[in-house]
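Notes for the one structure printed next.
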Amino acid sequence: MALARHSHFLAHSSNVNCLRFGRKSGQVAATGGDDNMVNLWRMREKETKNIMSLSGHQSAVESVVFDPAERKVVAGSQAGSIKVFDLEAGKVSRTLKGHMASTTTVDYHLYGDYVASGSRDTIVKVWDLRTKSCMQTFKGHSSEVTAVSFTPDGRWLTSGEQDGVIKIWDLTAGRLLREFPDHGGAITSLEFNPEEFILVSSSADRTVRFWDVQEFALIGVTPVDNATVRLD
């Protein structure tokens with residue numbers, strides 16, 4: 001399949017560290033950069049338009065994610081703090097503090113106001129946005145947490161680390177269910193098929209792997225020839 005460039009635009013005044021699309025419409029994107037800003041973009045055919053710029057972080061923005069309704073954006077920073085932006089108001093509505101190093105990855109629960117975060121402090125946290133509190137803290141990674149993703153039913157959470165290990169956490173029991181050590185490089189992203197328990201992981205080892213999470217089994221590997229791959 002041949003890919004063509006959709007658009008090219010200047011997103012930030014310095015390095016761009018993260019980009020995520022809204023899943024509801026697929027037509028809005030959020031970016032975070034070394035300029036401490038979160039920028040929102042309307043993506044249309046042959047045109048990309050800046051629709052909002054959000055300030056509040058005092059350090060570089062390392063991770064972003066929309067809520068399912070695309071009414072909020074959650075952004076993690078190099079300082080470790082996480083800010084929740086209300087897009088209607090255009091300002092910060094919540095600040096979450098707990099990580100001791102950069103918050104490198106965030107994900108939003110599909111069925112509630114819960115956010116998962118991973119950090120260079122090797123810790124995974126789950127937050128309740130209604131109470132502005134940390135619900136769960138998961139320890140067990142031996143290196144920087146680079147990706148987190150809730151399962152489609154919201155009962156489990158997956159996390160990947162710099163050393164290539166993927167872990168699956170049971171949110172109800174609050175414990176580790178299983179881990180996959182198969183990747184030979186840093187996990188760069190974790191994404192689920194929205195209708196199945198099929199997890200797709202990409203890595204600095206230049207492979208994309210497919211996992212049946214219900215069976216805890218590797219079901220496919222796709223090599224990538226040229227460079228590190230990331231799925232967003």
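By convention in this document, the chains of the structure tokens carry letters A, B, ... by their order, each chain's residues are numbered from 1, and ligands are numbered from 1 in the order they are shown.
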
Pull the closest atom pair for each residue of region 32-138 of chain A that gets at most 12 Å from region 156-159 of chain A, along with the distance in Å to one decimal, counting only C-alpha atoms, ordering rows by chain and then ascending residue number, as a Markdown table.
```
| residue | atom | partner | partner_atom | distance |
| --- | --- | --- | --- | --- |
| A:Thr104 | CA | A:Ser159 | CA | 11.6 |
| A:Thr105 | CA | A:Ser159 | CA | 9.5 |
| A:Val106 | CA | A:Ser159 | CA | 10.3 |
| A:Asp107 | CA | A:Leu157 | CA | 9.6 |
| A:Tyr108 | CA | A:Leu157 | CA | 10.8 |
| A:His109 | CA | A:Leu157 | CA | 9.5 |
| A:Leu110 | CA | A:Trp156 | CA | 11.8 |
| A:Tyr114 | CA | A:Leu157 | CA | 11.6 |
| A:Val115 | CA | A:Leu157 | CA | 10.6 |
| A:Ala116 | CA | A:Leu157 | CA | 8.1 |
| A:Ser117 | CA | A:Ser159 | CA | 9.2 |
| A:Gly118 | CA | A:Ser159 | CA | 7.7 |
| A:Ser119 | CA | A:Ser159 | CA | 10.6 |
| A:Thr122 | CA | A:Ser159 | CA | 10.4 |
| A:Ile123 | CA | A:Ser159 | CA | 9.9 |
| A:Val124 | CA | A:Ser159 | CA | 7.7 |
| A:Lys125 | CA | A:Leu157 | CA | 10.2 |
| A:Val126 | CA | A:Leu157 | CA | 9.3 |
| A:Gln136 | CA | A:Leu157 | CA | 11.3 |
| A:Thr137 | CA | A:Leu157 | CA | 11.8 |
| A:Phe138 | CA | A:Ser159 | CA | 10.0 |
```

Practice problem: Write out as a list in words the residues lying within 7 Å of region 43-54 of chain A, counting only C-alpha atoms and excluding same-chain residues fewer than 6 positions away. | Solution: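 Those residues are His6, Ser7, Gln27, Val28, Met37, Gly90 and Lys91 of chain A.
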
Can I get the selection written as a PDB file, in the first residue's frame, with N, CA and C atoms?
```
ATOM      1  N   HIS A   6      -0.299  13.747   3.783  1.00  0.00           N
ATOM      2  CA  HIS A   6      -1.558  14.488   3.885  1.00  0.00           C
ATOM      3  C   HIS A   6      -1.295  15.975   3.971  1.00  0.00           C
ATOM      4  N   SER A   7      -0.395  16.361   4.864  1.00  0.00           N
ATOM      5  CA  SER A   7      -0.094  17.777   5.051  1.00  0.00           C
ATOM      6  C   SER A   7       1.226  17.924   5.782  1.00  0.00           C
ATOM      7  N   GLN A  27     -10.611  13.428  13.210  1.00  0.00           N
ATOM      8  CA  GLN A  27     -10.283  14.637  12.456  1.00  0.00           C
ATOM      9  C   GLN A  27      -9.632  15.721  13.301  1.00  0.00           C
ATOM     10  N   VAL A  28      -9.399  15.442  14.569  1.00  0.00           N
ATOM     11  CA  VAL A  28      -8.684  16.392  15.418  1.00  0.00           C
ATOM     12  C   VAL A  28      -7.457  15.699  15.999  1.00  0.00           C
ATOM     13  N   MET A  37       3.700  23.737  25.421  1.00  0.00           N
ATOM     14  CA  MET A  37       2.344  23.956  24.928  1.00  0.00           C
ATOM     15  C   MET A  37       1.692  22.664  24.449  1.00  0.00           C
ATOM     16  N   GLY A  90     -11.192  26.013  27.524  1.00  0.00           N
ATOM     17  CA  GLY A  90      -9.863  26.340  27.021  1.00  0.00           C
ATOM     18  C   GLY A  90      -8.828  26.545  28.106  1.00  0.00           C
ATOM     19  N   LYS A  91      -8.984  25.812  29.230  1.00  0.00           N
ATOM     20  CA  LYS A  91      -8.038  25.990  30.329  1.00  0.00           C
ATOM     21  C   LYS A  91      -7.919  24.707  31.151  1.00  0.00           C
TER      22      LYS A  91
END
```

Write out as CSV a residue-level contact list of region 47-154 of chain A versus region 163-178 of chain A with cut-off 10 Å: for each qualifying residue the closest pair of atoms and the distance in Å to one decimal, counting only C-alpha atoms, rows sorted by chain and residue number upward.
```
residue,atom,partner,partner_atom,distance
A:Val124,CA,A:Trp169,CA,9.9
A:Val126,CA,A:Leu171,CA,8.9
A:Met135,CA,A:Leu171,CA,9.8
A:Gln136,CA,A:Gly174,CA,7.3
A:Thr137,CA,A:Gly174,CA,8.6
A:Phe138,CA,A:Arg175,CA,7.7
A:Lys139,CA,A:Leu176,CA,9.2
A:Gly140,CA,A:Leu176,CA,8.5
A:His141,CA,A:Val165,CA,8.1
A:Ser142,CA,A:Asp163,CA,7.7
A:Ser143,CA,A:Asp163,CA,6.3
A:Glu144,CA,A:Asp163,CA,8.0
A:Val145,CA,A:Asp163,CA,9.1
A:Thr146,CA,A:Gly164,CA,9.4
A:Ala147,CA,A:Ile166,CA,9.0
A:Val148,CA,A:Ile166,CA,9.4
A:Ser149,CA,A:Ile168,CA,9.6
A:Phe150,CA,A:Trp169,CA,9.5
A:Thr151,CA,A:Ile168,CA,9.4
A:Gly154,CA,A:Leu171,CA,8.4
```

Can those selected residues be exported to a file as a PDB file, in the first residue's frame so that it contains N, CA and C atoms?
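File out34.pdb, as written:
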```pdb
ATOM      1  N   VAL A 124       3.570   2.905  37.015  1.00  0.00           N
ATOM      2  CA  VAL A 124       2.300   3.080  36.307  1.00  0.00           C
ATOM      3  C   VAL A 124       1.252   3.502  37.333  1.00  0.00           C
ATOM      4  N   VAL A 126      -2.987   4.896  37.927  1.00  0.00           N
ATOM      5  CA  VAL A 126      -4.345   5.094  37.421  1.00  0.00           C
ATOM      6  C   VAL A 126      -5.004   6.158  38.293  1.00  0.00           C
ATOM      7  N   MET A 135      -5.804   6.317  42.091  1.00  0.00           N
ATOM      8  CA  MET A 135      -6.539   5.138  42.544  1.00  0.00           C
ATOM      9  C   MET A 135      -5.624   3.949  42.774  1.00  0.00           C
ATOM     10  N   GLN A 136      -4.679   3.767  41.840  1.00  0.00           N
ATOM     11  CA  GLN A 136      -3.812   2.593  41.883  1.00  0.00           C
ATOM     12  C   GLN A 136      -2.408   2.968  41.435  1.00  0.00           C
ATOM     13  N   THR A 137      -1.433   2.310  42.037  1.00  0.00           N
ATOM     14  CA  THR A 137      -0.034   2.460  41.644  1.00  0.00           C
ATOM     15  C   THR A 137       0.532   1.075  41.400  1.00  0.00           C
ATOM     16  N   PHE A 138       1.083   0.865  40.214  1.00  0.00           N
ATOM     17  CA  PHE A 138       1.641  -0.433  39.854  1.00  0.00           C
ATOM     18  C   PHE A 138       3.157  -0.322  39.711  1.00  0.00           C
ATOM     19  N   LYS A 139       3.859  -1.154  40.476  1.00  0.00           N
ATOM     20  CA  LYS A 139       5.313  -1.224  40.412  1.00  0.00           C
ATOM     21  C   LYS A 139       5.711  -2.591  39.871  1.00  0.00           C
ATOM     22  N   GLY A 140       6.791  -2.647  39.154  1.00  0.00           N
ATOM     23  CA  GLY A 140       7.227  -3.924  38.586  1.00  0.00           C
ATOM     24  C   GLY A 140       8.085  -3.756  37.357  1.00  0.00           C
ATOM     25  N   HIS A 141       7.955  -2.619  36.681  1.00  0.00           N
ATOM     26  CA  HIS A 141       8.832  -2.355  35.545  1.00  0.00           C
ATOM     27  C   HIS A 141      10.243  -2.051  36.046  1.00  0.00           C
ATOM     28  N   SER A 142      11.225  -2.496  35.285  1.00  0.00           N
ATOM     29  CA  SER A 142      12.626  -2.277  35.663  1.00  0.00           C
ATOM     30  C   SER A 142      13.249  -1.106  34.928  1.00  0.00           C
ATOM     31  N   SER A 143      12.502  -0.503  34.006  1.00  0.00           N
ATOM     32  CA  SER A 143      13.002   0.645  33.254  1.00  0.00           C
ATOM     33  C   SER A 143      11.836   1.588  32.955  1.00  0.00           C
ATOM     34  N   GLU A 144      12.139   2.684  32.309  1.00  0.00           N
ATOM     35  CA  GLU A 144      11.145   3.708  31.960  1.00  0.00           C
ATOM     36  C   GLU A 144       9.904   3.115  31.307  1.00  0.00           C
ATOM     37  N   VAL A 145       8.733   3.523  31.760  1.00  0.00           N
ATOM     38  CA  VAL A 145       7.477   3.102  31.136  1.00  0.00           C
ATOM     39  C   VAL A 145       7.234   3.985  29.917  1.00  0.00           C
ATOM     40  N   THR A 146       7.082   3.368  28.763  1.00  0.00           N
ATOM     41  CA  THR A 146       7.013   4.103  27.498  1.00  0.00           C
ATOM     42  C   THR A 146       5.645   4.080  26.840  1.00  0.00           C
ATOM     43  N   ALA A 147       4.730   3.207  27.293  1.00  0.00           N
ATOM     44  CA  ALA A 147       3.400   3.121  26.680  1.00  0.00           C
ATOM     45  C   ALA A 147       2.419   2.508  27.664  1.00  0.00           C
ATOM     46  N   VAL A 148       1.185   3.018  27.662  1.00  0.00           N
ATOM     47  CA  VAL A 148       0.093   2.408  28.426  1.00  0.00           C
ATOM     48  C   VAL A 148      -1.153   2.389  27.554  1.00  0.00           C
ATOM     49  N   SER A 149      -1.994   1.360  27.738  1.00  0.00           N
ATOM     50  CA  SER A 149      -3.238   1.265  26.974  1.00  0.00           C
ATOM     51  C   SER A 149      -4.238   0.399  27.729  1.00  0.00           C
ATOM     52  N   PHE A 150      -5.452   0.936  27.947  1.00  0.00           N
ATOM     53  CA  PHE A 150      -6.529   0.155  28.548  1.00  0.00           C
ATOM     54  C   PHE A 150      -7.047  -0.872  27.549  1.00  0.00           C
ATOM     55  N   THR A 151      -7.504  -2.019  28.055  1.00  0.00           N
ATOM     56  CA  THR A 151      -8.178  -2.986  27.199  1.00  0.00           C
ATOM     57  C   THR A 151      -9.540  -2.421  26.790  1.00  0.00           C
ATOM     58  N   GLY A 154     -12.019  -2.091  29.484  1.00  0.00           N
ATOM     59  CA  GLY A 154     -11.598  -1.258  30.594  1.00  0.00           C
ATOM     60  C   GLY A 154     -11.230  -1.985  31.868  1.00  0.00           C
TER      61      GLY A 154
END
```

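Neighbouring residues of Ser55 (chain A) at 12 Å or closer, counting only C-alpha atoms and skipping chain neighbours under 5 positions away, are A:Gly32, A:Gly33, A:Asp35, A:Asn36, A:Met37, A:Val38, A:Asn39, A:Leu40, A:Ala60, A:Val61, A:Val73, A:Ala75, A:Ser77, A:Lys83, A:Val84, A:Phe85, A:Asp86, A:Leu87, A:Gly90, A:Lys91, A:Val92, A:Ser93.
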
Quiz item: Could you name the residues that touch Arg209 (chain A) at 6 Å or less, counting only C-alpha atoms, but leaving out those on the same chain fewer than 4 positions away, as a PyMOL selection string?
Solution: chain A and resi 200-201+220-221

All strand (DSSP E or B) residues (DSSP, backbone) inside region 39-151 of chain A, as a PDB file with C-alpha atoms, in the first residue's frame:
```pdb
ATOM      1  CA  ASN A  39      -1.787  22.539  20.396  1.00  0.00           C
ATOM      2  CA  LEU A  40      -5.016  21.265  18.815  1.00  0.00           C
ATOM      3  CA  TRP A  41      -5.439  20.795  15.087  1.00  0.00           C
ATOM      4  CA  ARG A  42      -8.353  20.248  12.718  1.00  0.00           C
ATOM      5  CA  MET A  43      -7.257  17.737  10.089  1.00  0.00           C
ATOM      6  CA  ARG A  44      -9.084  18.023   6.790  1.00  0.00           C
ATOM      7  CA  GLU A  47      -5.592  21.421   5.107  1.00  0.00           C
ATOM      8  CA  THR A  48      -4.497  21.420   8.735  1.00  0.00           C
ATOM      9  CA  LYS A  49      -5.704  24.282  10.936  1.00  0.00           C
ATOM     10  CA  ASN A  50      -4.697  25.212  14.480  1.00  0.00           C
ATOM     11  CA  ILE A  51      -7.920  25.492  16.499  1.00  0.00           C
ATOM     12  CA  MET A  52      -6.571  25.935  20.025  1.00  0.00           C
ATOM     13  CA  SER A  53      -3.344  26.419  21.985  1.00  0.00           C
ATOM     14  CA  LEU A  54      -3.345  25.358  25.628  1.00  0.00           C
ATOM     15  CA  VAL A  61       4.866  18.250  27.206  1.00  0.00           C
ATOM     16  CA  GLU A  62       5.786  14.573  26.738  1.00  0.00           C
ATOM     17  CA  SER A  63       2.409  12.836  26.253  1.00  0.00           C
ATOM     18  CA  VAL A  64      -1.170  13.676  25.256  1.00  0.00           C
ATOM     19  CA  VAL A  65      -4.522  11.921  24.855  1.00  0.00           C
ATOM     20  CA  PHE A  66      -8.160  12.920  24.205  1.00  0.00           C
ATOM     21  CA  LYS A  72     -10.875  17.058  27.243  1.00  0.00           C
ATOM     22  CA  VAL A  73      -7.171  16.611  26.593  1.00  0.00           C
ATOM     23  CA  VAL A  74      -4.834  15.083  29.162  1.00  0.00           C
ATOM     24  CA  ALA A  75      -1.156  16.033  28.933  1.00  0.00           C
ATOM     25  CA  GLY A  76       1.851  14.711  30.852  1.00  0.00           C
ATOM     26  CA  SER A  77       4.973  16.789  31.350  1.00  0.00           C
ATOM     27  CA  ILE A  82      -0.372  15.748  34.467  1.00  0.00           C
ATOM     28  CA  LYS A  83      -2.866  18.413  33.457  1.00  0.00           C
ATOM     29  CA  VAL A  84      -6.432  17.915  32.255  1.00  0.00           C
ATOM     30  CA  PHE A  85      -7.635  20.605  29.849  1.00  0.00           C
ATOM     31  CA  ASP A  86     -11.335  21.425  29.440  1.00  0.00           C
ATOM     32  CA  LYS A  91      -8.038  25.990  30.329  1.00  0.00           C
ATOM     33  CA  VAL A  92      -6.721  23.551  32.927  1.00  0.00           C
ATOM     34  CA  SER A  93      -9.448  21.861  34.987  1.00  0.00           C
ATOM     35  CA  ARG A  94      -7.312  19.352  36.924  1.00  0.00           C
ATOM     36  CA  THR A  95      -3.660  18.931  37.879  1.00  0.00           C
ATOM     37  CA  LEU A  96      -2.440  15.495  38.971  1.00  0.00           C
ATOM     38  CA  THR A 103       5.212  11.380  32.447  1.00  0.00           C
ATOM     39  CA  THR A 104       6.014   9.726  29.135  1.00  0.00           C
ATOM     40  CA  THR A 105       2.639   8.183  28.279  1.00  0.00           C
ATOM     41  CA  VAL A 106      -1.068   8.613  29.112  1.00  0.00           C
ATOM     42  CA  ASP A 107      -4.292   6.853  28.111  1.00  0.00           C
ATOM     43  CA  TYR A 108      -7.980   7.603  28.790  1.00  0.00           C
ATOM     44  CA  TYR A 114     -10.020   7.483  34.579  1.00  0.00           C
ATOM     45  CA  VAL A 115      -6.549   8.093  33.188  1.00  0.00           C
ATOM     46  CA  ALA A 116      -3.524   5.795  33.162  1.00  0.00           C
ATOM     47  CA  SER A 117      -0.016   7.206  33.149  1.00  0.00           C
ATOM     48  CA  GLY A 118       3.498   5.823  32.852  1.00  0.00           C
ATOM     49  CA  SER A 119       6.737   7.522  33.748  1.00  0.00           C
ATOM     50  CA  VAL A 124       2.300   3.080  36.307  1.00  0.00           C
ATOM     51  CA  LYS A 125      -0.569   5.002  37.904  1.00  0.00           C
ATOM     52  CA  VAL A 126      -4.345   5.094  37.421  1.00  0.00           C
ATOM     53  CA  TRP A 127      -6.133   8.328  38.309  1.00  0.00           C
ATOM     54  CA  ASP A 128      -9.769   9.197  39.097  1.00  0.00           C
ATOM     55  CA  SER A 133      -6.649  11.308  43.195  1.00  0.00           C
ATOM     56  CA  CYS A 134      -4.469   8.334  42.333  1.00  0.00           C
ATOM     57  CA  MET A 135      -6.539   5.138  42.544  1.00  0.00           C
ATOM     58  CA  GLN A 136      -3.812   2.593  41.883  1.00  0.00           C
ATOM     59  CA  THR A 137      -0.034   2.460  41.644  1.00  0.00           C
ATOM     60  CA  PHE A 138       1.641  -0.433  39.854  1.00  0.00           C
ATOM     61  CA  VAL A 145       7.477   3.102  31.136  1.00  0.00           C
ATOM     62  CA  THR A 146       7.013   4.103  27.498  1.00  0.00           C
ATOM     63  CA  ALA A 147       3.400   3.121  26.680  1.00  0.00           C
ATOM     64  CA  VAL A 148       0.093   2.408  28.426  1.00  0.00           C
ATOM     65  CA  SER A 149      -3.238   1.265  26.974  1.00  0.00           C
ATOM     66  CA  PHE A 150      -6.529   0.155  28.548  1.00  0.00           C
TER      67      PHE A 150
END
```
